[in-house]
$ cat final_19.cif   # mmCIF, N, CA and C atoms
data_structure
#
loop_
_atom_site.label_atom_id
_atom_site.label_comp_id
_atom_site.auth_asym_id
_atom_site.auth_seq_id
_atom_site.Cartn_x
_atom_site.Cartn_y
_atom_site.Cartn_z
N MET M 16 15.13 36.47 -8.88
CA MET M 16 15.44 35.46 -7.88
C MET M 16 16.58 34.60 -8.40
N SER M 17 17.60 34.47 -7.63
CA SER M 17 18.77 33.69 -8.03
C SER M 17 18.92 32.51 -7.10
N VAL M 18 19.44 31.43 -7.62
CA VAL M 18 19.67 30.25 -6.79
C VAL M 18 21.17 30.16 -6.52
N GLY M 19 21.71 31.09 -5.77
CA GLY M 19 23.13 31.19 -5.53
C GLY M 19 23.81 29.87 -5.27
N GLY M 20 23.20 28.99 -4.48
CA GLY M 20 23.74 27.66 -4.25
C GLY M 20 22.81 26.63 -4.83
N THR M 21 23.03 25.40 -4.45
CA THR M 21 22.16 24.34 -4.96
C THR M 21 21.02 24.07 -3.99
N GLY M 22 20.80 24.94 -3.02
CA GLY M 22 19.77 24.71 -2.02
C GLY M 22 18.39 24.46 -2.59
N LEU M 23 18.02 25.20 -3.64
CA LEU M 23 16.70 25.02 -4.23
C LEU M 23 16.67 23.92 -5.27
N LEU M 24 17.83 23.48 -5.72
CA LEU M 24 17.91 22.40 -6.69
C LEU M 24 18.21 21.12 -5.90
N ASP M 25 17.15 20.44 -5.48
CA ASP M 25 17.30 19.37 -4.50
C ASP M 25 17.08 17.96 -5.05
N GLN M 26 16.94 17.83 -6.36
CA GLN M 26 16.74 16.50 -6.97
C GLN M 26 17.92 16.20 -7.89
N ARG M 27 18.37 14.96 -7.87
CA ARG M 27 19.48 14.55 -8.75
C ARG M 27 18.88 13.90 -9.99
N ALA M 28 19.14 14.48 -11.15
CA ALA M 28 18.60 13.97 -12.42
C ALA M 28 19.73 13.38 -13.25
N THR M 29 19.46 12.25 -13.86
CA THR M 29 20.38 11.67 -14.83
C THR M 29 19.86 12.04 -16.21
N LEU M 30 20.70 12.71 -17.00
CA LEU M 30 20.30 13.14 -18.34
C LEU M 30 20.78 12.13 -19.37
N TYR M 31 19.92 11.85 -20.34
CA TYR M 31 20.23 10.91 -21.42
C TYR M 31 20.07 11.64 -22.75
N GLN M 32 21.13 11.63 -23.53
CA GLN M 32 21.17 12.29 -24.82
C GLN M 32 20.52 11.42 -25.89
N TYR M 33 19.84 12.04 -26.85
CA TYR M 33 19.21 11.30 -27.94
C TYR M 33 20.26 10.96 -28.99
N ALA M 34 20.28 9.71 -29.42
CA ALA M 34 21.18 9.28 -30.50
C ALA M 34 20.41 8.33 -31.40
N SER M 35 20.59 8.50 -32.70
CA SER M 35 19.89 7.65 -33.66
C SER M 35 20.89 7.09 -34.66
N SER M 36 20.70 5.86 -35.03
CA SER M 36 21.53 5.23 -36.05
C SER M 36 20.65 4.27 -36.84
N THR M 37 21.20 3.75 -37.91
CA THR M 37 20.47 2.81 -38.75
C THR M 37 21.05 1.43 -38.58
N GLY M 38 20.20 0.46 -38.31
CA GLY M 38 20.64 -0.92 -38.13
C GLY M 38 21.00 -1.55 -39.47
N SER M 39 21.53 -2.76 -39.43
CA SER M 39 21.95 -3.44 -40.65
C SER M 39 20.78 -3.73 -41.58
N ASN M 40 19.57 -3.80 -41.03
CA ASN M 40 18.39 -4.06 -41.86
C ASN M 40 17.71 -2.77 -42.32
N GLY M 41 18.33 -1.62 -42.04
CA GLY M 41 17.79 -0.34 -42.49
C GLY M 41 16.78 0.29 -41.55
N ILE M 42 16.47 -0.37 -40.47
CA ILE M 42 15.51 0.17 -39.50
C ILE M 42 16.24 1.11 -38.54
N PRO M 43 15.70 2.30 -38.30
CA PRO M 43 16.36 3.23 -37.39
C PRO M 43 16.35 2.70 -35.95
N ILE M 44 17.45 2.93 -35.26
CA ILE M 44 17.60 2.52 -33.86
C ILE M 44 17.77 3.78 -33.02
N GLU M 45 16.89 3.96 -32.04
CA GLU M 45 17.00 5.10 -31.13
C GLU M 45 17.58 4.63 -29.82
N ARG M 46 18.59 5.38 -29.35
CA ARG M 46 19.21 5.06 -28.06
C ARG M 46 19.36 6.36 -27.27
N TYR M 47 19.55 6.20 -26.00
CA TYR M 47 19.73 7.35 -25.12
C TYR M 47 20.93 7.11 -24.21
N PRO M 48 22.15 7.37 -24.70
CA PRO M 48 23.32 7.20 -23.84
C PRO M 48 23.32 8.25 -22.73
N GLU M 49 23.84 7.87 -21.59
CA GLU M 49 23.87 8.77 -20.44
C GLU M 49 24.79 9.95 -20.70
N TYR M 50 24.31 11.15 -20.45
CA TYR M 50 25.10 12.37 -20.60
C TYR M 50 25.80 12.71 -19.29
N GLY M 51 25.06 12.63 -18.20
CA GLY M 51 25.62 12.97 -16.90
C GLY M 51 24.52 13.21 -15.88
N LYS M 52 24.93 13.48 -14.66
CA LYS M 52 24.00 13.75 -13.57
C LYS M 52 24.08 15.23 -13.21
N ARG M 53 22.93 15.85 -13.01
CA ARG M 53 22.86 17.27 -12.67
C ARG M 53 21.79 17.49 -11.61
N TRP M 54 21.95 18.56 -10.83
CA TRP M 54 20.96 18.93 -9.83
C TRP M 54 19.83 19.71 -10.48
N CYS M 55 18.61 19.46 -10.03
CA CYS M 55 17.44 20.17 -10.56
C CYS M 55 16.37 20.23 -9.48
N ARG M 56 15.28 20.86 -9.80
CA ARG M 56 14.08 20.77 -8.97
C ARG M 56 12.92 20.51 -9.91
N ILE M 57 11.87 19.90 -9.39
CA ILE M 57 10.71 19.56 -10.20
C ILE M 57 9.55 20.42 -9.72
N GLU M 58 8.91 21.09 -10.68
CA GLU M 58 7.77 21.95 -10.37
C GLU M 58 6.57 21.52 -11.20
N PRO M 59 5.37 21.80 -10.73
CA PRO M 59 4.20 21.58 -11.59
C PRO M 59 4.17 22.66 -12.66
N PRO M 60 3.62 22.35 -13.83
CA PRO M 60 3.58 23.36 -14.89
C PRO M 60 2.62 24.50 -14.55
N THR M 61 3.02 25.71 -14.94
CA THR M 61 2.15 26.88 -14.77
C THR M 61 1.32 27.05 -16.04
N GLY M 62 0.45 28.03 -16.05
CA GLY M 62 -0.36 28.29 -17.23
C GLY M 62 0.48 28.58 -18.46
N ARG M 63 1.60 29.28 -18.28
CA ARG M 63 2.48 29.60 -19.39
C ARG M 63 3.04 28.33 -20.03
N GLU M 64 3.54 27.43 -19.19
CA GLU M 64 4.11 26.19 -19.72
C GLU M 64 3.04 25.30 -20.35
N LEU M 65 1.86 25.27 -19.77
CA LEU M 65 0.77 24.48 -20.35
C LEU M 65 0.36 25.03 -21.71
N THR M 66 0.34 26.38 -21.84
CA THR M 66 -0.01 27.00 -23.11
C THR M 66 1.02 26.66 -24.18
N ILE M 67 2.30 26.72 -23.82
CA ILE M 67 3.36 26.38 -24.78
C ILE M 67 3.24 24.91 -25.18
N GLY M 68 2.97 24.04 -24.23
CA GLY M 68 2.80 22.63 -24.53
C GLY M 68 1.62 22.37 -25.46
N GLU M 69 0.50 23.05 -25.20
CA GLU M 69 -0.68 22.88 -26.05
C GLU M 69 -0.41 23.38 -27.47
N ARG M 70 0.33 24.47 -27.57
CA ARG M 70 0.65 25.01 -28.89
C ARG M 70 1.48 24.01 -29.70
N GLU M 71 2.33 23.26 -29.01
CA GLU M 71 3.18 22.26 -29.67
C GLU M 71 2.52 20.88 -29.65
N THR M 72 1.28 20.80 -29.20
CA THR M 72 0.50 19.55 -29.08
C THR M 72 1.19 18.52 -28.19
N HIS M 73 1.72 18.99 -27.07
CA HIS M 73 2.32 18.10 -26.08
C HIS M 73 1.58 18.24 -24.76
N ARG M 74 1.61 17.19 -23.99
CA ARG M 74 1.07 17.22 -22.63
C ARG M 74 2.24 17.47 -21.69
N VAL M 75 2.25 18.58 -21.01
CA VAL M 75 3.33 18.91 -20.08
C VAL M 75 2.95 18.39 -18.70
N ASP M 76 3.73 17.44 -18.19
CA ASP M 76 3.45 16.85 -16.88
C ASP M 76 4.25 17.50 -15.77
N ALA M 77 5.43 18.01 -16.11
CA ALA M 77 6.30 18.58 -15.09
C ALA M 77 7.26 19.57 -15.73
N VAL M 78 7.81 20.44 -14.89
CA VAL M 78 8.87 21.36 -15.32
C VAL M 78 10.10 21.03 -14.49
N LEU M 79 11.18 20.67 -15.16
CA LEU M 79 12.44 20.40 -14.48
C LEU M 79 13.28 21.66 -14.60
N VAL M 80 13.74 22.18 -13.48
CA VAL M 80 14.49 23.43 -13.46
C VAL M 80 15.96 23.10 -13.20
N PHE M 81 16.82 23.49 -14.15
CA PHE M 81 18.26 23.29 -14.05
C PHE M 81 18.95 24.65 -14.05
N ARG M 82 20.23 24.66 -13.71
CA ARG M 82 21.03 25.87 -13.89
C ARG M 82 21.12 26.15 -15.38
N HIS M 83 21.35 27.40 -15.72
CA HIS M 83 21.31 27.80 -17.13
C HIS M 83 22.38 27.12 -17.98
N HIS M 84 23.53 26.82 -17.42
CA HIS M 84 24.62 26.26 -18.23
C HIS M 84 24.48 24.75 -18.51
N VAL M 85 23.49 24.11 -17.93
CA VAL M 85 23.29 22.67 -18.17
C VAL M 85 22.71 22.48 -19.56
N PRO M 86 23.41 21.75 -20.44
CA PRO M 86 22.89 21.56 -21.80
C PRO M 86 21.81 20.49 -21.83
N VAL M 87 20.62 20.90 -22.20
CA VAL M 87 19.49 19.97 -22.34
C VAL M 87 18.79 20.33 -23.65
N ASP M 88 18.43 19.33 -24.43
CA ASP M 88 17.77 19.57 -25.70
C ASP M 88 16.47 18.76 -25.77
N PRO M 89 15.51 19.22 -26.60
CA PRO M 89 14.33 18.39 -26.82
C PRO M 89 14.74 17.03 -27.38
N LYS M 90 13.97 16.03 -27.09
CA LYS M 90 14.20 14.62 -27.41
C LYS M 90 15.09 13.92 -26.39
N TRP M 91 15.73 14.65 -25.49
CA TRP M 91 16.53 14.01 -24.45
C TRP M 91 15.58 13.38 -23.44
N MET M 92 16.10 12.55 -22.56
CA MET M 92 15.36 11.97 -21.44
C MET M 92 16.03 12.41 -20.15
N ALA M 93 15.25 12.48 -19.10
CA ALA M 93 15.78 12.77 -17.77
C ALA M 93 15.14 11.79 -16.80
N LYS M 94 15.96 11.21 -15.95
CA LYS M 94 15.46 10.27 -14.96
C LYS M 94 15.72 10.83 -13.57
N VAL M 95 14.64 10.99 -12.81
CA VAL M 95 14.73 11.48 -11.44
C VAL M 95 14.11 10.42 -10.56
N GLY M 96 14.92 9.78 -9.74
CA GLY M 96 14.43 8.65 -8.96
C GLY M 96 14.05 7.53 -9.90
N ALA M 97 12.82 7.05 -9.82
CA ALA M 97 12.34 5.99 -10.70
C ALA M 97 11.50 6.54 -11.86
N THR M 98 11.35 7.86 -11.92
CA THR M 98 10.50 8.48 -12.94
C THR M 98 11.34 8.93 -14.13
N VAL M 99 10.91 8.55 -15.32
CA VAL M 99 11.60 8.95 -16.55
C VAL M 99 10.74 9.99 -17.26
N TYR M 100 11.38 11.11 -17.64
CA TYR M 100 10.71 12.20 -18.33
C TYR M 100 11.27 12.33 -19.74
N ARG M 101 10.42 12.68 -20.69
CA ARG M 101 10.84 13.01 -22.05
C ARG M 101 10.85 14.53 -22.17
N VAL M 102 11.97 15.11 -22.59
CA VAL M 102 12.10 16.56 -22.72
C VAL M 102 11.35 17.02 -23.96
N LEU M 103 10.46 17.99 -23.79
CA LEU M 103 9.65 18.52 -24.88
C LEU M 103 10.18 19.85 -25.39
N ALA M 104 10.56 20.73 -24.47
CA ALA M 104 11.03 22.06 -24.85
C ALA M 104 11.90 22.61 -23.72
N VAL M 105 12.74 23.58 -24.06
CA VAL M 105 13.63 24.21 -23.09
C VAL M 105 13.40 25.72 -23.14
N LEU M 106 13.08 26.30 -21.98
CA LEU M 106 12.83 27.73 -21.87
C LEU M 106 13.92 28.36 -21.01
N PRO M 107 14.84 29.12 -21.60
CA PRO M 107 15.89 29.74 -20.79
C PRO M 107 15.34 30.88 -19.94
N ARG M 108 15.82 31.00 -18.75
CA ARG M 108 15.50 32.09 -17.84
C ARG M 108 16.83 32.75 -17.47
N ARG M 109 17.38 33.52 -18.41
CA ARG M 109 18.73 34.07 -18.23
C ARG M 109 18.84 34.98 -17.01
N MET M 110 17.82 35.78 -16.75
CA MET M 110 17.88 36.70 -15.60
C MET M 110 17.97 35.94 -14.29
N GLN M 111 17.40 34.77 -14.25
CA GLN M 111 17.44 33.95 -13.04
C GLN M 111 18.60 32.97 -13.07
N GLY M 112 19.26 32.83 -14.21
CA GLY M 112 20.35 31.87 -14.32
C GLY M 112 19.84 30.44 -14.35
N LEU M 113 18.60 30.27 -14.83
CA LEU M 113 17.98 28.95 -14.83
C LEU M 113 17.52 28.56 -16.22
N ARG M 114 17.18 27.30 -16.36
CA ARG M 114 16.62 26.76 -17.60
C ARG M 114 15.42 25.91 -17.22
N HIS M 115 14.24 26.26 -17.70
CA HIS M 115 13.02 25.49 -17.43
C HIS M 115 12.84 24.47 -18.55
N VAL M 116 12.77 23.21 -18.18
CA VAL M 116 12.65 22.13 -19.14
C VAL M 116 11.24 21.55 -19.03
N LEU M 117 10.45 21.71 -20.10
CA LEU M 117 9.10 21.15 -20.12
C LEU M 117 9.21 19.67 -20.44
N ALA M 118 8.56 18.85 -19.63
CA ALA M 118 8.72 17.41 -19.78
C ALA M 118 7.39 16.69 -19.61
N GLU M 119 7.33 15.51 -20.21
CA GLU M 119 6.17 14.63 -20.03
C GLU M 119 6.69 13.30 -19.51
N TYR M 120 5.81 12.57 -18.82
CA TYR M 120 6.19 11.24 -18.34
C TYR M 120 6.46 10.33 -19.53
N ALA M 121 7.52 9.56 -19.45
CA ALA M 121 7.87 8.65 -20.54
C ALA M 121 7.56 7.22 -20.14
N ASP M 122 6.61 7.03 -19.23
CA ASP M 122 6.26 5.69 -18.75
C ASP M 122 5.66 4.83 -19.86
N ASP M 123 4.98 5.47 -20.82
CA ASP M 123 4.34 4.71 -21.90
C ASP M 123 5.36 4.22 -22.93
N ALA M 124 6.52 4.86 -22.97
CA ALA M 124 7.54 4.48 -23.95
C ALA M 124 8.47 3.44 -23.32
N ASN M 125 9.26 2.82 -24.15
CA ASN M 125 10.26 1.88 -23.66
C ASN M 125 11.62 2.30 -24.21
N PRO M 126 12.14 3.44 -23.73
CA PRO M 126 13.40 3.94 -24.29
C PRO M 126 14.58 3.07 -23.86
N THR M 127 15.58 3.02 -24.71
CA THR M 127 16.80 2.30 -24.39
C THR M 127 17.76 3.27 -23.74
N LEU M 128 17.76 3.31 -22.40
CA LEU M 128 18.66 4.19 -21.65
C LEU M 128 19.95 3.42 -21.44
N VAL M 129 21.07 4.03 -21.83
CA VAL M 129 22.36 3.37 -21.76
C VAL M 129 23.20 4.06 -20.70
N ALA M 130 23.49 3.36 -19.61
CA ALA M 130 24.31 3.93 -18.55
C ALA M 130 25.76 3.93 -18.99
N SER M 131 26.49 4.95 -18.53
CA SER M 131 27.90 5.03 -18.91
C SER M 131 28.78 4.24 -17.95
#

$ encode --input "final_19.cif" --output "structure tokens"
Amino acid sequence: MSVGGTGLLDQRATLYQYASSTGSNGIPIERYPEYGKRWCRIEPPTGRELTIGERETHRVDAVLVFRHHVPVDPKWMAKVGATVYRVLAVLPRRMQGLRHVLAEYADDANPTLVAS
């Protein structure tokens, strides 16, 4: 199954890249500067994704599906509407030209998202 157009990718996600630095007092500072906006769709996790999440001791709340060429890495954040997700793992689906991003809700965290 191919998503020739963006018809099936109907949600606009803002991606935030993970960046870490050390403050003047030696305490690490985590920030998430904005990487860019990309189209995606949000799916509930299947048994496969839940199994992968359990193996990595993560709770998978959603699967964000992007085109394959969209660079997404674990530790990144994605914001869709008012919901912020923490990226846990990335599963490429080369035959479909897609990338399945396993994510959990980041509502419990207070990440520093930096808009560009």

$ resolve_selection --input "final_19.cif" --expression "the PyMOL selection byres (((chain M and resi 83 and name CA) around 12) and name CA)" --output "list in words"
Ser17, Val18, Arg53, Trp54, Cys55, Leu79, Val80, Phe81, Arg82, His84, Val85, Pro86, Val87, Val105, Leu106, Pro107, Arg108, Arg109, Met110, Gln111, Gly112, Leu113, Arg114, His115 and Val116 of chain M

$ resolve_selection --input "final_19.cif" --expression "the PyMOL selection byres ((chain M and resi 33-49) around 8)" --output "VMD selection string"
chain M and resid 29 to 32 50 to 52 88 to 92 126 to 131

$ write_last_selection --input "final_19.cif" --atoms "N, CA and C atoms" --output "PDB file, in the frame of the given file"
ATOM      1  N   THR M  29      19.460  12.250 -13.860  1.00  0.00           N
ATOM      2  CA  THR M  29      20.380  11.670 -14.830  1.00  0.00           C
ATOM      3  C   THR M  29      19.860  12.040 -16.210  1.00  0.00           C
ATOM      4  N   LEU M  30      20.700  12.710 -17.000  1.00  0.00           N
ATOM      5  CA  LEU M  30      20.300  13.140 -18.340  1.00  0.00           C
ATOM      6  C   LEU M  30      20.780  12.130 -19.370  1.00  0.00           C
ATOM      7  N   TYR M  31      19.920  11.850 -20.340  1.00  0.00           N
ATOM      8  CA  TYR M  31      20.230  10.910 -21.420  1.00  0.00           C
ATOM      9  C   TYR M  31      20.070  11.640 -22.750  1.00  0.00           C
ATOM     10  N   GLN M  32      21.130  11.630 -23.530  1.00  0.00           N
ATOM     11  CA  GLN M  32      21.170  12.290 -24.820  1.00  0.00           C
ATOM     12  C   GLN M  32      20.520  11.420 -25.890  1.00  0.00           C
ATOM     13  N   TYR M  50      24.310  11.150 -20.450  1.00  0.00           N
ATOM     14  CA  TYR M  50      25.100  12.370 -20.600  1.00  0.00           C
ATOM     15  C   TYR M  50      25.800  12.710 -19.290  1.00  0.00           C
ATOM     16  N   GLY M  51      25.060  12.630 -18.200  1.00  0.00           N
ATOM     17  CA  GLY M  51      25.620  12.970 -16.900  1.00  0.00           C
ATOM     18  C   GLY M  51      24.520  13.210 -15.880  1.00  0.00           C
ATOM     19  N   LYS M  52      24.930  13.480 -14.660  1.00  0.00           N
ATOM     20  CA  LYS M  52      24.000  13.750 -13.570  1.00  0.00           C
ATOM     21  C   LYS M  52      24.080  15.230 -13.210  1.00  0.00           C
ATOM     22  N   ASP M  88      18.430  19.330 -24.430  1.00  0.00           N
ATOM     23  CA  ASP M  88      17.770  19.570 -25.700  1.00  0.00           C
ATOM     24  C   ASP M  88      16.470  18.760 -25.770  1.00  0.00           C
ATOM     25  N   PRO M  89      15.510  19.220 -26.600  1.00  0.00           N
ATOM     26  CA  PRO M  89      14.330  18.390 -26.820  1.00  0.00           C
ATOM     27  C   PRO M  89      14.740  17.030 -27.380  1.00  0.00           C
ATOM     28  N   LYS M  90      13.970  16.030 -27.090  1.00  0.00           N
ATOM     29  CA  LYS M  90      14.200  14.620 -27.410  1.00  0.00           C
ATOM     30  C   LYS M  90      15.090  13.920 -26.390  1.00  0.00           C
ATOM     31  N   TRP M  91      15.730  14.650 -25.490  1.00  0.00           N
ATOM     32  CA  TRP M  91      16.530  14.010 -24.450  1.00  0.00           C
ATOM     33  C   TRP M  91      15.580  13.380 -23.440  1.00  0.00           C
ATOM     34  N   MET M  92      16.100  12.550 -22.560  1.00  0.00           N
ATOM     35  CA  MET M  92      15.360  11.970 -21.440  1.00  0.00           C
ATOM     36  C   MET M  92      16.030  12.410 -20.150  1.00  0.00           C
ATOM     37  N   PRO M 126      12.140   3.440 -23.730  1.00  0.00           N
ATOM     38  CA  PRO M 126      13.400   3.940 -24.290  1.00  0.00           C
ATOM     39  C   PRO M 126      14.580   3.070 -23.860  1.00  0.00           C
ATOM     40  N   THR M 127      15.580   3.020 -24.710  1.00  0.00           N
ATOM     41  CA  THR M 127      16.800   2.300 -24.390  1.00  0.00           C
ATOM     42  C   THR M 127      17.760   3.270 -23.740  1.00  0.00           C
ATOM     43  N   LEU M 128      17.760   3.310 -22.400  1.00  0.00           N
ATOM     44  CA  LEU M 128      18.660   4.190 -21.650  1.00  0.00           C
ATOM     45  C   LEU M 128      19.950   3.420 -21.440  1.00  0.00           C
ATOM     46  N   VAL M 129      21.070   4.030 -21.830  1.00  0.00           N
ATOM     47  CA  VAL M 129      22.360   3.370 -21.760  1.00  0.00           C
ATOM     48  C   VAL M 129      23.200   4.060 -20.700  1.00  0.00           C
ATOM     49  N   ALA M 130      23.490   3.360 -19.610  1.00  0.00           N
ATOM     50  CA  ALA M 130      24.310   3.930 -18.550  1.00  0.00           C
ATOM     51  C   ALA M 130      25.760   3.930 -18.990  1.00  0.00           C
ATOM     52  N   SER M 131      26.490   4.950 -18.530  1.00  0.00           N
ATOM     53  CA  SER M 131      27.900   5.030 -18.910  1.00  0.00           C
ATOM     54  C   SER M 131      28.780   4.240 -17.950  1.00  0.00           C
TER      55      SER M 131
END

$ select_by_dssp --input "final_19.cif" --residues "stretch 28-124 of chain M" --states "helix (DSSP H, G or I)" --output "list of chain:residue names"
M:Gly62, M:Arg63, M:Glu64, M:Leu65, M:Thr66, M:Ile67, M:Gly68, M:Glu69, M:Arg70

$ atom_distance --input "final_19.cif" --atom1 "atom CA of M:His73" --atom2 "atom CA of M:Asp25"
26.3 Å

$ atom_distance --input "final_19.cif" --atom1 "atom CA of M:Leu23" --atom2 "atom CA of M:Glu69"
28.0 Å

$ resolve_selection --input "final_19.cif" --expression "the PyMOL selection byres (((chain M and resi 95 and name CA) around 9) and name CA)" --output "ChimeraX atom specification"
/M:26-29,93-94,96-100

$ select_by_dssp --input "final_19.cif" --residues "chain M" --states "strand (DSSP E)" --output "JSON, numbers by chain"
{"M": [26, 27, 28, 29, 30, 31, 34, 35, 36, 37, 43, 44, 45, 46, 47, 48, 49, 50, 51, 52, 53, 54, 55, 56, 57, 58, 77, 78, 79, 80, 81, 82, 92, 93, 94, 95, 98, 99, 100, 101, 102, 103, 104, 105, 106, 107, 108, 113, 114, 115, 116, 117, 118, 119, 120, 128, 129]}

$ residues_around --input "final_19.cif" --residues "M:Leu117" --least-positions-apart "6" --cutoff "8 Å" --atoms "only N, CA and C atoms" --output "ChimeraX atom specification"
/M:60,64,68,74-80,100-106

$ write_last_selection --input "final_19.cif" --atoms "N, CA and C atoms" --output "mmCIF file, keeping the file's coordinate frame"
data_model
loop_
_atom_site.group_PDB
_atom_site.id
_atom_site.type_symbol
_atom_site.label_atom_id
_atom_site.label_comp_id
_atom_site.auth_asym_id
_atom_site.auth_seq_id
_atom_site.Cartn_x
_atom_site.Cartn_y
_atom_site.Cartn_z
ATOM 1 N N PRO M 60 3.620 22.350 -13.830
ATOM 2 C CA PRO M 60 3.580 23.360 -14.890
ATOM 3 C C PRO M 60 2.620 24.500 -14.550
ATOM 4 N N GLU M 64 3.540 27.430 -19.190
ATOM 5 C CA GLU M 64 4.110 26.190 -19.720
ATOM 6 C C GLU M 64 3.040 25.300 -20.350
ATOM 7 N N GLY M 68 2.970 24.040 -24.230
ATOM 8 C CA GLY M 68 2.800 22.630 -24.530
ATOM 9 C C GLY M 68 1.620 22.370 -25.460
ATOM 10 N N ARG M 74 1.610 17.190 -23.990
ATOM 11 C CA ARG M 74 1.070 17.220 -22.630
ATOM 12 C C ARG M 74 2.240 17.470 -21.690
ATOM 13 N N VAL M 75 2.250 18.580 -21.010
ATOM 14 C CA VAL M 75 3.330 18.910 -20.080
ATOM 15 C C VAL M 75 2.950 18.390 -18.700
ATOM 16 N N ASP M 76 3.730 17.440 -18.190
ATOM 17 C CA ASP M 76 3.450 16.850 -16.880
ATOM 18 C C ASP M 76 4.250 17.500 -15.770
ATOM 19 N N ALA M 77 5.430 18.010 -16.110
ATOM 20 C CA ALA M 77 6.300 18.580 -15.090
ATOM 21 C C ALA M 77 7.260 19.570 -15.730
ATOM 22 N N VAL M 78 7.810 20.440 -14.890
ATOM 23 C CA VAL M 78 8.870 21.360 -15.320
ATOM 24 C C VAL M 78 10.100 21.030 -14.490
ATOM 25 N N LEU M 79 11.180 20.670 -15.160
ATOM 26 C CA LEU M 79 12.440 20.400 -14.480
ATOM 27 C C LEU M 79 13.280 21.660 -14.600
ATOM 28 N N VAL M 80 13.740 22.180 -13.480
ATOM 29 C CA VAL M 80 14.490 23.430 -13.460
ATOM 30 C C VAL M 80 15.960 23.100 -13.200
ATOM 31 N N TYR M 100 11.380 11.110 -17.640
ATOM 32 C CA TYR M 100 10.710 12.200 -18.330
ATOM 33 C C TYR M 100 11.270 12.330 -19.740
ATOM 34 N N ARG M 101 10.420 12.680 -20.690
ATOM 35 C CA ARG M 101 10.840 13.010 -22.050
ATOM 36 C C ARG M 101 10.850 14.530 -22.170
ATOM 37 N N VAL M 102 11.970 15.110 -22.590
ATOM 38 C CA VAL M 102 12.100 16.560 -22.720
ATOM 39 C C VAL M 102 11.350 17.020 -23.960
ATOM 40 N N LEU M 103 10.460 17.990 -23.790
ATOM 41 C CA LEU M 103 9.650 18.520 -24.880
ATOM 42 C C LEU M 103 10.180 19.850 -25.390
ATOM 43 N N ALA M 104 10.560 20.730 -24.470
ATOM 44 C CA ALA M 104 11.030 22.060 -24.850
ATOM 45 C C ALA M 104 11.900 22.610 -23.720
ATOM 46 N N VAL M 105 12.740 23.580 -24.060
ATOM 47 C CA VAL M 105 13.630 24.210 -23.090
ATOM 48 C C VAL M 105 13.400 25.720 -23.140
ATOM 49 N N LEU M 106 13.080 26.300 -21.980
ATOM 50 C CA LEU M 106 12.830 27.730 -21.870
ATOM 51 C C LEU M 106 13.920 28.360 -21.010
#

$ atom_distance --input "final_19.cif" --atom1 "atom CA of M:Ile67" --atom2 "atom C of M:Asp122"
22.2 Å
